[in-house]
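Worksheet for the structure shown next.
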Amino acid sequence: MKKTIGFATGSIWQWLKTNNRNELINHLKQLDIRAIELTIGSKEELDALTLSDENIIWMKELDHVSIHAPAFHTSAPGETELHRQLDTLEALVSRSGASTVVLHTKDIPPAHVLKSISFPLSIENTGIGNYTSPETLEDIFSVFPDFKFCLDVSHAALISDEETALLISRFRNKISHVHLSGTSGNMDHQSLIGASPQFYKSLIPAIKLDVPFLIEEDIREQDIKILHRELLAADNLLW
């Protein structure tokens, strides 16, 4: 089955020095993709992001659009600022047609604040250094049953060969989309080409998922050919 594959703008965040990340979309529009995730790395990027009319039209023709929120635990030190950023995200969701907003577990707003937003949320599993265990996710989903799950296979692979399979077995019906990148040594968000054997083994259960896959790497060299190469690698891995 042909997969819906795309890119997170965070993969090429170093290609642009300004906080308005709209131009990153222009690079990704050159690719044959059907999905995109707008990565918001800070409150400055959230405030500065001004989507062009052309990019809004393009995104609304895609099969999947998601947004990765900034780290609220550092970007929104008080509840007033948190509300302001959530309001800004709400407007961005409306303009972009995003189906969900991705958060890490430590950035989940308090329950009374969540009542003020209308957009869906997806919780991402995090890896070594800030490990989100299946038990932690289970606890979160029991409290917030409407939350979806963003499966990051690179984060999972660094935990163990079986972590991705375990997460899929427990949360398959909640998966909104997958963050896709390779691992190398103890590093995540690496190229899909020449990744560690552990990564390729751990990816096998995810291949069967019928959800969008968003490539989320750390591509520093500004060369569109690298994006084409990674997209082809993803297509070959997931076919």
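Quick note on naming: the chains in the structure tokens go A, B, ... in the order shown, residues restart at 1 in each chain, and ligands are numbered from 1 in order of appearance.
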
Problem set entry | Polymer residues at most 8 Å from stretch 162-173 of chain A, only C-alpha atoms, same-chain spacing of 6 or more positions, as a VMD selection string | chain A and resid 134 149 151 153 156 202 to 203 205 to 206

Written file, previous selection with N, CA and C atoms, as an mmCIF file, in the first residue's frame:
```cif
data_model
loop_
_atom_site.group_PDB
_atom_site.id
_atom_site.type_symbol
_atom_site.label_atom_id
_atom_site.label_comp_id
_atom_site.auth_asym_id
_atom_site.auth_seq_id
_atom_site.Cartn_x
_atom_site.Cartn_y
_atom_site.Cartn_z
ATOM 1 N N PRO A 134 5.459 3.593 28.026
ATOM 2 C CA PRO A 134 4.079 3.229 27.682
ATOM 3 C C PRO A 134 3.128 3.417 28.861
ATOM 4 N N PHE A 149 -2.015 10.011 19.444
ATOM 5 C CA PHE A 149 -0.627 9.628 19.715
ATOM 6 C C PHE A 149 0.210 9.809 18.466
ATOM 7 N N LEU A 151 3.620 8.791 17.031
ATOM 8 C CA LEU A 151 4.665 7.787 17.257
ATOM 9 C C LEU A 151 5.971 8.226 16.610
ATOM 10 N N VAL A 153 9.417 6.931 15.764
ATOM 11 C CA VAL A 153 10.106 5.638 15.709
ATOM 12 C C VAL A 153 11.590 5.764 16.016
ATOM 13 N N ALA A 156 11.812 5.808 19.798
ATOM 14 C CA ALA A 156 11.531 4.465 20.313
ATOM 15 C C ALA A 156 12.702 3.518 20.072
ATOM 16 N N SER A 202 13.595 -2.323 14.292
ATOM 17 C CA SER A 202 12.503 -1.770 15.101
ATOM 18 C C SER A 202 11.409 -1.152 14.247
ATOM 19 N N LEU A 203 11.758 -0.736 13.022
ATOM 20 C CA LEU A 203 10.784 -0.069 12.149
ATOM 21 C C LEU A 203 9.751 -1.036 11.573
ATOM 22 N N PRO A 205 7.413 -3.193 12.500
ATOM 23 C CA PRO A 205 5.988 -3.150 12.865
ATOM 24 C C PRO A 205 5.268 -1.889 12.381
ATOM 25 N N ALA A 206 5.996 -0.780 12.239
ATOM 26 C CA ALA A 206 5.372 0.478 11.827
ATOM 27 C C ALA A 206 5.005 0.489 10.352
#
```

Exercise. Can you tell me, as an MDAnalysis selection string, what residues are no more than 12 Å from A:Leu51 when counting only C-alpha atoms, ignoring any on the same chain fewer than 6 positions away?
Worked result: chainID A and resid 20:26 38 45 57:59 91:97

Problem set entry | For stretch 210-224 of chain A: contacts at 8 Å, only C-alpha atoms, fewer than 5 positions along chain excluded, given as a count of residues only | 30

Seminar exercise, completed: In Å and to one decimal, atom CA of A:His155 is distant from atom CA of A:Lys201 by 13.9 Å

For this session: Please provide as number ranges by chain all residues within 12 Å of A:Asn19, with the sequence filter that same-chain residues fewer than 5 positions apart are discarded (counting only C-alpha atoms).
Result: A: 13-14, 24, 39-50

For this session: Mind listing the strand (DSSP E or B) residues of stretch 95-204 of chain A, per DSSP on the backbone, as a list of chain:residue names?
Result: A:Thr100, A:Val101, A:Val102, A:Leu103, A:His104, A:Leu121, A:Ser122, A:Ile123, A:Glu124, A:Lys148, A:Phe149, A:Cys150, A:Leu151, A:Asp152, A:Ile175, A:Ser176, A:His177, A:Val178, A:His179, A:Leu180, A:Gly182, A:Thr183, A:Ser184, A:Met187, A:Asp188, A:His189, A:Gln190

Residues of stretch 139-236 of chain A that approach stretch 106-119 of chain A to 10 Å or less, counting only C-alpha atoms: could you list each one with the shortest pair of atoms and its distance in Å to one decimal, rows by chain and increasing residue number, as a Markdown table?
```
| residue | atom | partner | partner_atom | distance |
| --- | --- | --- | --- | --- |
| A:Ile140 | CA | A:Ile108 | CA | 9.6 |
| A:Val143 | CA | A:Ala111 | CA | 9.3 |
| A:Phe144 | CA | A:Ala111 | CA | 8.8 |
```

For this session: May I have the residues within 9 Å of A:Lys174 as a PyMOL selection string, using only C-alpha atoms and disregarding those fewer than 5 positions away in the same chain?
Result: chain A and resi 122+146-150

Problem set entry | Using only C-alpha atoms: which of A:Ala76, A:Ile128, A:Leu121, A:Ile207 has the shortest distance to A:Ser154 | A:Ile128

Exercise. Could you work out how far atom CA of A:Ile204 lies from atom CA of A:Asp63, giving the answer in Å with one decimal?
Worked result: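 Distance reported for this atom pair: 23.5 Å.
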
For this session: Go through stretch 48-171 of chain A and collect every residue that DSSP, computed from the backbone, puts in alpha helix (DSSP H); the answer should be as number ranges by chain.
Result: A: 48, 53-59, 72-75, 79-96, 111-114, 134-143, 153-159, 163-171

Exercise. Given the choices A:Leu86, A:Ile67, A:Ile159, A:Leu227, which gets closest to A:Thr132 if the distance is worked out from only C-alpha atoms?
Worked result: A:Ile159

Problem set entry | Atom pair atom CA of A:Arg84 / atom CA of A:Pro145: separation (Å) |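 Atom CA of A:Pro145 lies at a distance of 24.7 Å from atom CA of A:Arg84.
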